[in-house]
Amino acid sequence: MIGPNAIKLAVFGQPVAHSLSPRIHRLFGEQLEIDVDYDAVESAIDELPDRLAAFRNQGGTGANLTVPLKHAGLKLCASVDRPARQAHAVNTLKLATDGWHGYNTDGAGLLLDLERLGIDPAGRRVLVLGAGGAVAGILGPLLERAPAYVRIGNRTAERAERLADKFAHRGEIDGGGFESVAGSRFDLLIQSTSAGHASNLPPLQRDWLTDRAIAYDLNYGPAHQPFAQWCRDNEVDVHGGLGMLVGQAALAFEIWTGERPEMAPVLSTLRED
Ligand code: NDP
């Protein structure tokens, strides 16, 4: 039962009906005994200003933005945090007296999950495949953990080059097409392309990785399966991105309520579903 004093929250996206966010945030609320009323609101990019205004009028004080709204959300914020500014994308909004404050918890959510898994990027050679919005969000928090070197490999070389240039002052980082990865070996692979959504894979080579390399796929569920299969076939330890999803949500919940929920029980519940 949602009480009259529940914190009113929602995720906006398109499509959003299958989003796990409502379930995750309700579980966080139960865990911390905080009454939350969390909806999913379908919104196209050009509808977002009106949808968000209506939500605010109904008492909404916090929101998540997902595909394709993370970039469009920036313009609606009175202020944004550094990760959101660097990623050109917001995934979390919190209402303040001067309007919406925007945050990007995706990168920190990934790092939280890597920590949970006991994977420390410090001193590692990290290969990031993909150069989309998610990678723009994870590079800042990743470079803060002082990896020895980061190489971005992407289908469209210029996107990887541009991102590497943008973050070059934060650490040792290069970017290029997938072919530019050959000749080096990496001990942590972060698979950040969306190829799995179409049951595809980037053109992976086992010899890009050291024998004991670990892989992390931002994708989870069916979109994770092609990469998971490649890792099994090539004897690479792999983790899917459900933990990152829960991690970014835990950080958003903390922004709204001041309290950070435990990830592990929520992950267990989602895996049982
Ligand atoms: P974008 O659409 O911004 O970027 C997609 C990336 O995938 C681009 O680099 C694109 O390359 C590449 N790509 C797409 N199809 C192929 C293919 N067939 N072969 C090789 N490369 C391909 O997506 P995001 O960066 O926002 O998200 C990336 C993935 O991460 C998505 O699958 C998303 O679901 C997942 N994600 C998971 C999160 C979590 O919490 N677990 C959070 C955020 C994202 P090109 O530049 O050449 O087009």
# chains A, B, ... in the order shown; residues from 1 in each chain; ligands from 1
>>> residues_near_ligand(ligand="ligand 1", cutoff="9 Å", atoms="only C-alpha atoms and all ligand atoms", output="mmCIF file with all heavy atoms, in the first residue's frame")
data_model
loop_
_atom_site.group_PDB
_atom_site.id
_atom_site.type_symbol
_atom_site.label_atom_id
_atom_site.label_comp_id
_atom_site.auth_asym_id
_atom_site.auth_seq_id
_atom_site.Cartn_x
_atom_site.Cartn_y
_atom_site.Cartn_z
ATOM 1 N N THR A 66 15.635 7.361 -19.016
ATOM 2 C CA THR A 66 16.327 6.296 -19.733
ATOM 3 C C THR A 66 16.216 6.551 -21.232
ATOM 4 O O THR A 66 15.724 7.605 -21.655
ATOM 5 C CB THR A 66 15.804 4.910 -19.275
ATOM 6 O OG1 THR A 66 16.613 3.902 -19.879
ATOM 7 C CG2 THR A 66 14.347 4.661 -19.630
ATOM 8 N N VAL A 67 16.687 5.592 -22.038
ATOM 9 C CA VAL A 67 16.707 5.739 -23.496
ATOM 10 C C VAL A 67 15.335 6.150 -24.014
ATOM 11 O O VAL A 67 14.342 5.555 -23.593
ATOM 12 C CB VAL A 67 17.127 4.395 -24.139
ATOM 13 C CG1 VAL A 67 17.109 4.492 -25.653
ATOM 14 C CG2 VAL A 67 18.502 3.969 -23.637
ATOM 15 N N PRO A 68 15.172 7.161 -24.861
ATOM 16 C CA PRO A 68 16.193 8.003 -25.505
ATOM 17 C C PRO A 68 16.278 9.401 -24.884
ATOM 18 O O PRO A 68 16.587 10.355 -25.596
ATOM 19 C CB PRO A 68 15.633 8.096 -26.928
ATOM 20 C CG PRO A 68 14.141 8.207 -26.702
ATOM 21 C CD PRO A 68 13.832 7.430 -25.442
ATOM 22 N N LYS A 70 18.062 10.669 -22.083
ATOM 23 C CA LYS A 70 19.127 11.109 -21.170
ATOM 24 C C LYS A 70 19.773 12.417 -21.622
ATOM 25 O O LYS A 70 20.149 13.248 -20.802
ATOM 26 C CB LYS A 70 20.190 10.019 -21.033
ATOM 27 C CG LYS A 70 19.698 8.789 -20.289
ATOM 28 C CD LYS A 70 20.833 7.809 -20.069
ATOM 29 C CE LYS A 70 20.330 6.492 -19.527
ATOM 30 N NZ LYS A 70 21.413 5.549 -19.254
ATOM 31 N N ASP A 106 25.263 6.475 -13.852
ATOM 32 C CA ASP A 106 25.585 5.237 -14.581
ATOM 33 C C ASP A 106 27.028 4.774 -14.333
ATOM 34 O O ASP A 106 27.264 3.601 -14.022
ATOM 35 C CB ASP A 106 25.372 5.420 -16.089
ATOM 36 C CG ASP A 106 23.900 5.297 -16.485
ATOM 37 O OD1 ASP A 106 23.135 4.674 -15.739
ATOM 38 O OD2 ASP A 106 23.534 5.828 -17.550
ATOM 39 N N GLY A 107 27.976 5.701 -14.508
ATOM 40 C CA GLY A 107 29.385 5.319 -14.363
ATOM 41 C C GLY A 107 29.692 4.887 -12.939
ATOM 42 O O GLY A 107 30.333 3.849 -12.704
ATOM 43 N N GLY A 109 27.617 3.742 -10.883
ATOM 44 C CA GLY A 109 26.901 2.475 -10.666
ATOM 45 C C GLY A 109 27.720 1.291 -11.148
ATOM 46 O O GLY A 109 27.764 0.243 -10.501
ATOM 47 N N LEU A 110 28.391 1.458 -12.295
ATOM 48 C CA LEU A 110 29.271 0.389 -12.792
ATOM 49 C C LEU A 110 30.409 0.139 -11.791
ATOM 50 O O LEU A 110 30.706 -1.002 -11.441
ATOM 51 C CB LEU A 110 29.859 0.765 -14.161
ATOM 52 C CG LEU A 110 31.007 -0.129 -14.630
ATOM 53 C CD1 LEU A 110 30.538 -1.563 -14.889
ATOM 54 C CD2 LEU A 110 31.668 0.433 -15.885
ATOM 55 N N LEU A 129 34.796 -1.578 -25.193
ATOM 56 C CA LEU A 129 34.238 -1.694 -26.542
ATOM 57 C C LEU A 129 32.931 -0.923 -26.614
ATOM 58 O O LEU A 129 32.035 -1.130 -25.779
ATOM 59 C CB LEU A 129 34.007 -3.168 -26.905
ATOM 60 C CG LEU A 129 35.282 -3.998 -27.001
ATOM 61 C CD1 LEU A 129 34.941 -5.442 -27.375
ATOM 62 C CD2 LEU A 129 36.281 -3.414 -28.004
ATOM 63 N N GLY A 130 32.825 -0.013 -27.597
ATOM 64 C CA GLY A 130 31.667 0.862 -27.704
ATOM 65 C C GLY A 130 32.064 2.280 -27.339
ATOM 66 O O GLY A 130 33.025 2.485 -26.574
ATOM 67 N N ALA A 131 31.360 3.255 -27.914
ATOM 68 C CA ALA A 131 31.683 4.660 -27.638
ATOM 69 C C ALA A 131 30.396 5.491 -27.637
ATOM 70 O O ALA A 131 30.370 6.618 -28.108
ATOM 71 C CB ALA A 131 32.674 5.184 -28.664
ATOM 72 N N GLY A 132 29.320 4.900 -27.113
ATOM 73 C CA GLY A 132 28.036 5.594 -27.050
ATOM 74 C C GLY A 132 27.861 6.343 -25.744
ATOM 75 O O GLY A 132 28.831 6.605 -25.016
ATOM 76 N N GLY A 133 26.601 6.654 -25.436
ATOM 77 C CA GLY A 133 26.286 7.439 -24.244
ATOM 78 C C GLY A 133 26.759 6.776 -22.959
ATOM 79 O O GLY A 133 27.243 7.457 -22.047
ATOM 80 N N ALA A 134 26.636 5.456 -22.883
ATOM 81 C CA ALA A 134 27.026 4.768 -21.649
ATOM 82 C C ALA A 134 28.522 4.903 -21.407
ATOM 83 O O ALA A 134 28.966 5.143 -20.271
ATOM 84 C CB ALA A 134 26.623 3.294 -21.718
ATOM 85 N N VAL A 135 29.319 4.788 -22.478
ATOM 86 C CA VAL A 135 30.775 4.903 -22.321
ATOM 87 C C VAL A 135 31.154 6.325 -21.897
ATOM 88 O O VAL A 135 32.014 6.523 -21.032
ATOM 89 C CB VAL A 135 31.504 4.473 -23.618
ATOM 90 C CG1 VAL A 135 32.996 4.750 -23.521
ATOM 91 C CG2 VAL A 135 31.254 2.992 -23.871
ATOM 92 N N ALA A 136 30.478 7.321 -22.475
ATOM 93 C CA ALA A 136 30.743 8.710 -22.066
ATOM 94 C C ALA A 136 30.521 8.853 -20.555
ATOM 95 O O ALA A 136 31.238 9.589 -19.879
ATOM 96 C CB ALA A 136 29.831 9.662 -22.831
ATOM 97 N N GLY A 137 29.555 8.106 -20.020
ATOM 98 C CA GLY A 137 29.259 8.172 -18.576
ATOM 99 C C GLY A 137 30.224 7.391 -17.708
ATOM 100 O O GLY A 137 30.461 7.767 -16.561
ATOM 101 N N GLY A 153 37.633 0.836 -28.182
ATOM 102 C CA GLY A 153 37.499 0.321 -29.548
ATOM 103 C C GLY A 153 36.041 0.412 -29.958
ATOM 104 O O GLY A 153 35.163 -0.026 -29.214
ATOM 105 N N ASN A 154 35.779 0.987 -31.122
ATOM 106 C CA ASN A 154 34.384 1.171 -31.535
ATOM 107 C C ASN A 154 34.227 0.950 -33.030
ATOM 108 O O ASN A 154 35.171 1.122 -33.799
ATOM 109 C CB ASN A 154 33.927 2.592 -31.174
ATOM 110 C CG ASN A 154 32.427 2.757 -31.296
ATOM 111 O OD1 ASN A 154 31.678 1.895 -30.839
ATOM 112 N ND2 ASN A 154 31.975 3.827 -31.919
ATOM 113 N N ARG A 155 33.022 0.542 -33.432
ATOM 114 C CA ARG A 155 32.722 0.352 -34.854
ATOM 115 C C ARG A 155 33.030 1.631 -35.631
ATOM 116 O O ARG A 155 33.673 1.609 -36.665
ATOM 117 C CB ARG A 155 31.244 -0.044 -34.988
ATOM 118 C CG ARG A 155 30.801 -0.353 -36.374
ATOM 119 C CD ARG A 155 29.385 -0.867 -36.366
ATOM 120 N NE ARG A 155 28.432 0.097 -35.807
ATOM 121 C CZ ARG A 155 27.136 -0.140 -35.656
ATOM 122 N NH1 ARG A 155 26.626 -1.308 -35.987
ATOM 123 N NH2 ARG A 155 26.338 0.788 -35.154
ATOM 124 N N THR A 156 32.538 2.771 -35.114
ATOM 125 C CA THR A 156 32.818 4.071 -35.741
ATOM 126 C C THR A 156 34.027 4.677 -35.024
ATOM 127 O O THR A 156 33.902 5.175 -33.898
ATOM 128 C CB THR A 156 31.594 5.001 -35.606
ATOM 129 O OG1 THR A 156 30.435 4.288 -36.076
ATOM 130 C CG2 THR A 156 31.769 6.283 -36.389
ATOM 131 N N ALA A 157 35.191 4.615 -35.695
ATOM 132 C CA ALA A 157 36.448 4.983 -35.034
ATOM 133 C C ALA A 157 36.416 6.411 -34.472
ATOM 134 O O ALA A 157 36.881 6.653 -33.351
ATOM 135 C CB ALA A 157 37.601 4.842 -36.030
ATOM 136 N N GLU A 158 35.825 7.343 -35.236
ATOM 137 C CA GLU A 158 35.883 8.758 -34.805
ATOM 138 C C GLU A 158 35.216 8.986 -33.452
ATOM 139 O O GLU A 158 35.657 9.834 -32.681
ATOM 140 C CB GLU A 158 35.202 9.698 -35.826
ATOM 141 C CG GLU A 158 35.723 9.622 -37.248
ATOM 142 C CD GLU A 158 35.129 8.443 -37.992
ATOM 143 O OE1 GLU A 158 33.912 8.462 -38.250
ATOM 144 O OE2 GLU A 158 35.868 7.488 -38.292
ATOM 145 N N ARG A 159 34.147 8.231 -33.170
ATOM 146 C CA ARG A 159 33.469 8.428 -31.872
ATOM 147 C C ARG A 159 34.408 8.036 -30.727
ATOM 148 O O ARG A 159 34.443 8.704 -29.694
ATOM 149 C CB ARG A 159 32.186 7.585 -31.793
ATOM 150 C CG ARG A 159 31.082 8.063 -32.683
ATOM 151 C CD ARG A 159 29.822 7.237 -32.476
ATOM 152 N NE ARG A 159 29.000 7.743 -31.397
ATOM 153 C CZ ARG A 159 27.896 7.115 -30.960
ATOM 154 N NH1 ARG A 159 27.513 5.973 -31.497
ATOM 155 N NH2 ARG A 159 27.181 7.640 -29.985
ATOM 156 N N ALA A 160 35.157 6.964 -30.931
ATOM 157 C CA ALA A 160 36.102 6.509 -29.899
ATOM 158 C C ALA A 160 37.250 7.502 -29.757
ATOM 159 O O ALA A 160 37.686 7.825 -28.640
ATOM 160 C CB ALA A 160 36.634 5.124 -30.260
ATOM 161 N N GLY A 177 39.116 2.487 -34.101
ATOM 162 C CA GLY A 177 38.234 1.418 -34.575
ATOM 163 C C GLY A 177 38.603 0.098 -33.914
ATOM 164 O O GLY A 177 39.624 -0.002 -33.218
ATOM 165 N N PHE A 178 37.782 -0.938 -34.129
ATOM 166 C CA PHE A 178 38.070 -2.246 -33.527
ATOM 167 C C PHE A 178 39.447 -2.761 -33.955
ATOM 168 O O PHE A 178 40.145 -3.403 -33.180
ATOM 169 C CB PHE A 178 36.985 -3.264 -33.912
ATOM 170 C CG PHE A 178 35.646 -3.005 -33.284
ATOM 171 C CD1 PHE A 178 34.491 -2.999 -34.053
ATOM 172 C CD2 PHE A 178 35.533 -2.776 -31.912
ATOM 173 C CE1 PHE A 178 33.252 -2.771 -33.475
ATOM 174 C CE2 PHE A 178 34.298 -2.543 -31.320
ATOM 175 C CZ PHE A 178 33.149 -2.532 -32.109
ATOM 176 N N GLN A 191 32.424 -4.552 -22.080
ATOM 177 C CA GLN A 191 31.668 -4.645 -23.334
ATOM 178 C C GLN A 191 30.497 -3.667 -23.235
ATOM 179 O O GLN A 191 29.546 -3.906 -22.491
ATOM 180 C CB GLN A 191 31.183 -6.087 -23.499
ATOM 181 C CG GLN A 191 30.745 -6.503 -24.885
ATOM 182 C CD GLN A 191 29.694 -5.661 -25.550
ATOM 183 O OE1 GLN A 191 29.990 -4.928 -26.525
ATOM 184 N NE2 GLN A 191 28.478 -5.726 -25.055
ATOM 185 N N SER A 192 30.569 -2.572 -23.975
ATOM 186 C CA SER A 192 29.577 -1.501 -23.833
ATOM 187 C C SER A 192 28.888 -1.201 -25.157
ATOM 188 O O SER A 192 28.344 -0.108 -25.320
ATOM 189 C CB SER A 192 30.252 -0.214 -23.344
ATOM 190 O OG SER A 192 31.120 -0.480 -22.285
ATOM 191 N N THR A 193 28.932 -2.130 -26.116
ATOM 192 C CA THR A 193 28.148 -1.901 -27.328
ATOM 193 C C THR A 193 26.723 -2.406 -27.085
ATOM 194 O O THR A 193 26.470 -3.187 -26.165
ATOM 195 C CB THR A 193 28.721 -2.631 -28.570
ATOM 196 O OG1 THR A 193 28.365 -4.017 -28.511
ATOM 197 C CG2 THR A 193 30.216 -2.479 -28.683
ATOM 198 N N SER A 194 25.812 -1.957 -27.952
ATOM 199 C CA SER A 194 24.423 -2.427 -27.853
ATOM 200 C C SER A 194 24.168 -3.563 -28.853
ATOM 201 O O SER A 194 23.026 -3.917 -29.101
ATOM 202 C CB SER A 194 23.469 -1.256 -28.099
ATOM 203 O OG SER A 194 23.737 -0.670 -29.358
ATOM 204 N N ALA A 195 25.259 -4.140 -29.430
ATOM 205 C CA ALA A 195 25.109 -5.175 -30.465
ATOM 206 C C ALA A 195 24.230 -6.338 -29.998
ATOM 207 O O ALA A 195 23.480 -6.909 -30.791
ATOM 208 C CB ALA A 195 26.483 -5.688 -30.893
ATOM 209 N N GLY A 196 24.309 -6.694 -28.723
ATOM 210 C CA GLY A 196 23.565 -7.839 -28.192
ATOM 211 C C GLY A 196 22.054 -7.696 -28.321
ATOM 212 O O GLY A 196 21.339 -8.704 -28.378
ATOM 213 N N HIS A 197 21.564 -6.453 -28.386
ATOM 214 C CA HIS A 197 20.107 -6.254 -28.533
ATOM 215 C C HIS A 197 19.610 -6.801 -29.874
ATOM 216 O O HIS A 197 18.429 -7.092 -30.020
ATOM 217 C CB HIS A 197 19.742 -4.773 -28.406
ATOM 218 C CG HIS A 197 19.835 -4.265 -27.004
ATOM 219 N ND1 HIS A 197 18.896 -4.565 -26.046
ATOM 220 C CD2 HIS A 197 20.769 -3.502 -26.383
ATOM 221 C CE1 HIS A 197 19.246 -3.995 -24.903
ATOM 222 N NE2 HIS A 197 20.380 -3.353 -25.077
ATOM 223 N N ALA A 198 20.522 -6.886 -30.873
ATOM 224 C CA ALA A 198 20.158 -7.472 -32.174
ATOM 225 C C ALA A 198 20.822 -8.837 -32.323
ATOM 226 O O ALA A 198 21.078 -9.281 -33.450
ATOM 227 C CB ALA A 198 20.581 -6.533 -33.300
ATOM 228 N N SER A 199 21.125 -9.488 -31.191
ATOM 229 C CA SER A 199 21.786 -10.802 -31.161
ATOM 230 C C SER A 199 23.118 -10.808 -31.897
ATOM 231 O O SER A 199 23.542 -11.827 -32.427
ATOM 232 C CB SER A 199 20.868 -11.890 -31.753
ATOM 233 O OG SER A 199 19.653 -11.895 -31.088
ATOM 234 N N ASN A 200 23.797 -9.645 -31.937
ATOM 235 C CA ASN A 200 25.102 -9.547 -32.592
ATOM 236 C C ASN A 200 26.214 -9.401 -31.564
ATOM 237 O O ASN A 200 25.956 -9.214 -30.368
ATOM 238 C CB ASN A 200 25.138 -8.324 -33.520
ATOM 239 C CG ASN A 200 24.325 -8.551 -34.768
ATOM 240 O OD1 ASN A 200 24.237 -9.668 -35.249
ATOM 241 N ND2 ASN A 200 23.722 -7.496 -35.288
ATOM 242 N N LEU A 201 27.420 -9.422 -32.091
ATOM 243 C CA LEU A 201 28.615 -9.225 -31.268
ATOM 244 C C LEU A 201 29.545 -8.266 -31.993
ATOM 245 O O LEU A 201 29.602 -8.290 -33.229
ATOM 246 C CB LEU A 201 29.381 -10.543 -31.151
ATOM 247 C CG LEU A 201 28.974 -11.574 -30.122
ATOM 248 C CD1 LEU A 201 29.832 -12.808 -30.298
ATOM 249 C CD2 LEU A 201 29.161 -11.000 -28.724
ATOM 250 N N PRO A 202 30.329 -7.467 -31.264
ATOM 251 C CA PRO A 202 31.432 -6.785 -31.950
ATOM 252 C C PRO A 202 32.446 -7.857 -32.373
ATOM 253 O O PRO A 202 32.401 -8.985 -31.873
ATOM 254 C CB PRO A 202 31.997 -5.858 -30.866
ATOM 255 C CG PRO A 202 31.445 -6.315 -29.577
ATOM 256 C CD PRO A 202 30.255 -7.166 -29.833
ATOM 257 N N PRO A 203 33.349 -7.535 -33.306
ATOM 258 C CA PRO A 203 34.283 -8.562 -33.820
ATOM 259 C C PRO A 203 35.403 -8.874 -32.820
ATOM 260 O O PRO A 203 36.545 -8.448 -32.982
ATOM 261 C CB PRO A 203 34.836 -7.922 -35.092
ATOM 262 C CG PRO A 203 34.726 -6.462 -34.845
ATOM 263 C CD PRO A 203 33.539 -6.235 -33.967
ATOM 264 N N ASP A 217 29.937 -7.092 -19.038
ATOM 265 C CA ASP A 217 29.051 -6.645 -20.117
ATOM 266 C C ASP A 217 28.017 -5.691 -19.522
ATOM 267 O O ASP A 217 27.348 -6.043 -18.545
ATOM 268 C CB ASP A 217 28.341 -7.881 -20.712
ATOM 269 C CG ASP A 217 27.529 -7.566 -21.966
ATOM 270 O OD1 ASP A 217 27.562 -6.412 -22.432
ATOM 271 O OD2 ASP A 217 26.874 -8.497 -22.470
ATOM 272 N N LEU A 218 27.891 -4.492 -20.089
ATOM 273 C CA LEU A 218 26.865 -3.573 -19.580
ATOM 274 C C LEU A 218 25.466 -4.129 -19.795
ATOM 275 O O LEU A 218 24.520 -3.747 -19.110
ATOM 276 C CB LEU A 218 26.977 -2.215 -20.296
ATOM 277 C CG LEU A 218 27.768 -1.117 -19.580
ATOM 278 C CD1 LEU A 218 29.143 -1.576 -19.173
ATOM 279 C CD2 LEU A 218 27.865 0.126 -20.450
ATOM 280 N N ASN A 219 25.334 -5.023 -20.763
ATOM 281 C CA ASN A 219 24.011 -5.589 -21.060
ATOM 282 C C ASN A 219 23.664 -6.691 -20.068
ATOM 283 O O ASN A 219 24.558 -7.335 -19.499
ATOM 284 C CB ASN A 219 24.010 -6.158 -22.478
ATOM 285 C CG ASN A 219 24.204 -5.058 -23.492
ATOM 286 O OD1 ASN A 219 23.288 -4.286 -23.752
ATOM 287 N ND2 ASN A 219 25.410 -4.955 -24.040
ATOM 288 N N TYR A 220 22.372 -6.899 -19.896
ATOM 289 C CA TYR A 220 21.885 -7.987 -19.041
ATOM 290 C C TYR A 220 20.694 -8.630 -19.754
ATOM 291 O O TYR A 220 20.212 -8.111 -20.763
ATOM 292 C CB TYR A 220 21.497 -7.464 -17.643
ATOM 293 C CG TYR A 220 20.612 -6.260 -17.678
ATOM 294 C CD1 TYR A 220 19.221 -6.389 -17.751
ATOM 295 C CD2 TYR A 220 21.150 -4.978 -17.703
ATOM 296 C CE1 TYR A 220 18.409 -5.273 -17.832
ATOM 297 C CE2 TYR A 220 20.340 -3.862 -17.786
ATOM 298 C CZ TYR A 220 18.974 -4.010 -17.846
ATOM 299 O OH TYR A 220 18.166 -2.907 -17.934
ATOM 300 N N ALA A 223 19.997 -9.552 -24.084
ATOM 301 C CA ALA A 223 21.035 -8.799 -24.818
ATOM 302 C C ALA A 223 22.445 -9.189 -24.370
ATOM 303 O O ALA A 223 23.432 -8.925 -25.067
ATOM 304 C CB ALA A 223 20.822 -7.301 -24.645
ATOM 305 N N HIS A 224 22.572 -9.808 -23.199
ATOM 306 C CA HIS A 224 23.876 -10.239 -22.678
ATOM 307 C C HIS A 224 24.285 -11.598 -23.241
ATOM 308 O O HIS A 224 25.468 -11.954 -23.233
ATOM 309 C CB HIS A 224 23.774 -10.294 -21.141
ATOM 310 C CG HIS A 224 24.947 -10.913 -20.449
ATOM 311 N ND1 HIS A 224 26.248 -10.490 -20.641
ATOM 312 C CD2 HIS A 224 25.019 -11.943 -19.562
ATOM 313 C CE1 HIS A 224 27.059 -11.227 -19.888
ATOM 314 N NE2 HIS A 224 26.335 -12.120 -19.237
ATOM 315 N N GLY A 240 27.398 -10.008 -16.178
ATOM 316 C CA GLY A 240 26.413 -9.201 -16.892
ATOM 317 C C GLY A 240 26.121 -7.909 -16.136
ATOM 318 O O GLY A 240 26.532 -7.747 -14.984
ATOM 319 N N GLY A 241 25.391 -6.999 -16.794
ATOM 320 C CA GLY A 241 25.218 -5.649 -16.272
ATOM 321 C C GLY A 241 24.035 -5.401 -15.347
ATOM 322 O O GLY A 241 23.733 -4.234 -15.054
ATOM 323 N N LEU A 242 23.397 -6.485 -14.843
ATOM 324 C CA LEU A 242 22.272 -6.260 -13.933
ATOM 325 C C LEU A 242 22.726 -5.523 -12.660
ATOM 326 O O LEU A 242 22.019 -4.661 -12.132
ATOM 327 C CB LEU A 242 21.615 -7.601 -13.573
ATOM 328 C CG LEU A 242 20.277 -7.523 -12.845
ATOM 329 C CD1 LEU A 242 19.224 -6.838 -13.698
ATOM 330 C CD2 LEU A 242 19.791 -8.920 -12.442
ATOM 331 N N GLY A 243 23.907 -5.862 -12.204
ATOM 332 C CA GLY A 243 24.450 -5.213 -11.000
ATOM 333 C C GLY A 243 24.703 -3.730 -11.220
ATOM 334 O O GLY A 243 24.528 -2.921 -10.306
ATOM 335 N N MET A 244 25.104 -3.362 -12.445
ATOM 336 C CA MET A 244 25.287 -1.934 -12.748
ATOM 337 C C MET A 244 23.945 -1.220 -12.706
ATOM 338 O O MET A 244 23.835 -0.097 -12.190
ATOM 339 C CB MET A 244 25.925 -1.772 -14.128
ATOM 340 C CG MET A 244 26.009 -0.335 -14.606
ATOM 341 S SD MET A 244 26.797 -0.254 -16.226
ATOM 342 C CE MET A 244 26.517 1.469 -16.652
ATOM 343 N N LEU A 245 22.921 -1.881 -13.245
ATOM 344 C CA LEU A 245 21.579 -1.284 -13.230
ATOM 345 C C LEU A 245 21.134 -1.026 -11.786
ATOM 346 O O LEU A 245 20.626 0.051 -11.452
ATOM 347 C CB LEU A 245 20.586 -2.219 -13.932
ATOM 348 C CG LEU A 245 19.173 -1.680 -14.024
ATOM 349 C CD1 LEU A 245 19.068 -0.633 -15.124
ATOM 350 C CD2 LEU A 245 18.162 -2.797 -14.272
ATOM 351 N N VAL A 246 21.365 -2.019 -10.929
ATOM 352 C CA VAL A 246 20.976 -1.870 -9.516
ATOM 353 C C VAL A 246 21.877 -0.830 -8.843
ATOM 354 O O VAL A 246 21.409 -0.035 -8.017
ATOM 355 C CB VAL A 246 21.019 -3.242 -8.794
ATOM 356 C CG1 VAL A 246 20.756 -3.084 -7.312
ATOM 357 C CG2 VAL A 246 20.001 -4.202 -9.416
ATOM 358 N N GLY A 247 23.143 -0.798 -9.239
ATOM 359 C CA GLY A 247 24.087 0.164 -8.645
ATOM 360 C C GLY A 247 23.719 1.604 -8.974
ATOM 361 O O GLY A 247 23.674 2.469 -8.091
ATOM 362 N N GLN A 248 23.414 1.862 -10.257
ATOM 363 C CA GLN A 248 23.040 3.251 -10.609
ATOM 364 C C GLN A 248 21.735 3.638 -9.935
ATOM 365 O O GLN A 248 21.540 4.784 -9.539
ATOM 366 C CB GLN A 248 23.011 3.477 -12.129
ATOM 367 C CG GLN A 248 22.009 2.642 -12.954
ATOM 368 C CD GLN A 248 20.573 3.144 -12.861
ATOM 369 O OE1 GLN A 248 20.347 4.343 -12.689
ATOM 370 N NE2 GLN A 248 19.629 2.238 -12.934
ATOM 371 N N ALA A 249 20.841 2.644 -9.764
ATOM 372 C CA ALA A 249 19.564 2.918 -9.082
ATOM 373 C C ALA A 249 19.793 3.207 -7.598
ATOM 374 O O ALA A 249 19.172 4.110 -7.030
ATOM 375 C CB ALA A 249 18.616 1.723 -9.263
#
>>> select_by_dssp(residues="region 7-167 of chain A", states="alpha helix (DSSP H)", output="PyMOL selection string")
chain A and resi 21-32+48-57+82-87+106-116+133-144+157-167
>>> residues_around(residues="Gln31 (chain A)", least_positions_apart="4", cutoff="9 Å", atoms="only C-alpha atoms", output="number ranges by chain")
A: 26-27, 261-262, 265-266
>>> write_last_selection(atoms="N, CA and C atoms", output="short mmCIF file (atom, residue, chain, number, x, y, z; two decimals), in the first residue's frame")
data_model
loop_
_atom_site.label_atom_id
_atom_site.label_comp_id
_atom_site.auth_asym_id
_atom_site.auth_seq_id
_atom_site.Cartn_x
_atom_site.Cartn_y
_atom_site.Cartn_z
N ARG A 26 11.00 0.02 -5.68
CA ARG A 26 10.05 -0.45 -4.65
C ARG A 26 10.77 -1.37 -3.67
N LEU A 27 11.67 -2.21 -4.18
CA LEU A 27 12.44 -3.10 -3.29
C LEU A 27 13.35 -2.29 -2.38
N PRO A 261 20.63 2.16 -0.37
CA PRO A 261 20.19 0.78 -0.11
C PRO A 261 21.29 -0.25 -0.39
N GLU A 262 21.13 -1.43 0.18
CA GLU A 262 22.02 -2.56 -0.11
C GLU A 262 21.65 -3.11 -1.48
N PRO A 265 20.63 -7.86 -1.74
CA PRO A 265 19.31 -8.51 -1.63
C PRO A 265 18.41 -8.22 -2.83
N VAL A 266 18.54 -7.02 -3.39
CA VAL A 266 17.70 -6.66 -4.55
C VAL A 266 18.13 -7.47 -5.77
#
>>> residues_around(residues="Leu95 (chain A)", least_positions_apart="3", cutoff="12 Å", atoms="only C-alpha atoms", output="PyMOL selection string")
chain A and resi 7-9+52-53+55-57+59-64+76-80+92+98-103+255-257
>>> write_last_selection(atoms="C-alpha atoms", output="mmCIF file, in the first residue's frame")
data_model
loop_
_atom_site.group_PDB
_atom_site.id
_atom_site.type_symbol
_atom_site.label_atom_id
_atom_site.label_comp_id
_atom_site.auth_asym_id
_atom_site.auth_seq_id
_atom_site.Cartn_x
_atom_site.Cartn_y
_atom_site.Cartn_z
ATOM 1 C CA ILE A 7 7.900 10.081 -2.210
ATOM 2 C CA LYS A 8 6.614 10.373 -5.760
ATOM 3 C CA LEU A 9 9.136 9.076 -8.291
ATOM 4 C CA LEU A 52 7.937 16.248 -16.561
ATOM 5 C CA ALA A 53 5.939 19.413 -15.802
ATOM 6 C CA PHE A 55 4.646 14.922 -13.048
ATOM 7 C CA ARG A 56 5.908 17.859 -10.964
ATOM 8 C CA ASN A 57 2.383 19.284 -10.702
ATOM 9 C CA GLY A 59 3.838 16.048 -6.622
ATOM 10 C CA GLY A 60 6.736 14.281 -8.386
ATOM 11 C CA THR A 61 10.088 15.100 -6.770
ATOM 12 C CA GLY A 62 12.508 12.626 -8.337
ATOM 13 C CA ALA A 63 12.883 10.906 -11.690
ATOM 14 C CA ASN A 64 15.043 8.618 -13.747
ATOM 15 C CA LEU A 76 15.543 20.855 -18.522
ATOM 16 C CA CYS A 77 17.899 21.062 -15.527
ATOM 17 C CA ALA A 78 18.681 24.151 -13.437
ATOM 18 C CA SER A 79 22.060 22.537 -12.667
ATOM 19 C CA VAL A 80 23.875 19.271 -13.429
ATOM 20 C CA THR A 92 18.556 11.093 -12.406
ATOM 21 C CA ASP A 98 15.110 26.407 -8.386
ATOM 22 C CA GLY A 99 14.015 23.435 -10.537
ATOM 23 C CA TRP A 100 15.412 20.016 -11.463
ATOM 24 C CA HIS A 101 18.966 19.125 -10.548
ATOM 25 C CA GLY A 102 20.465 16.549 -12.917
ATOM 26 C CA TYR A 103 22.875 13.721 -12.134
ATOM 27 C CA ILE A 255 20.241 11.272 -4.072
ATOM 28 C CA TRP A 256 16.463 11.365 -3.448
ATOM 29 C CA THR A 257 16.353 10.065 0.129
#
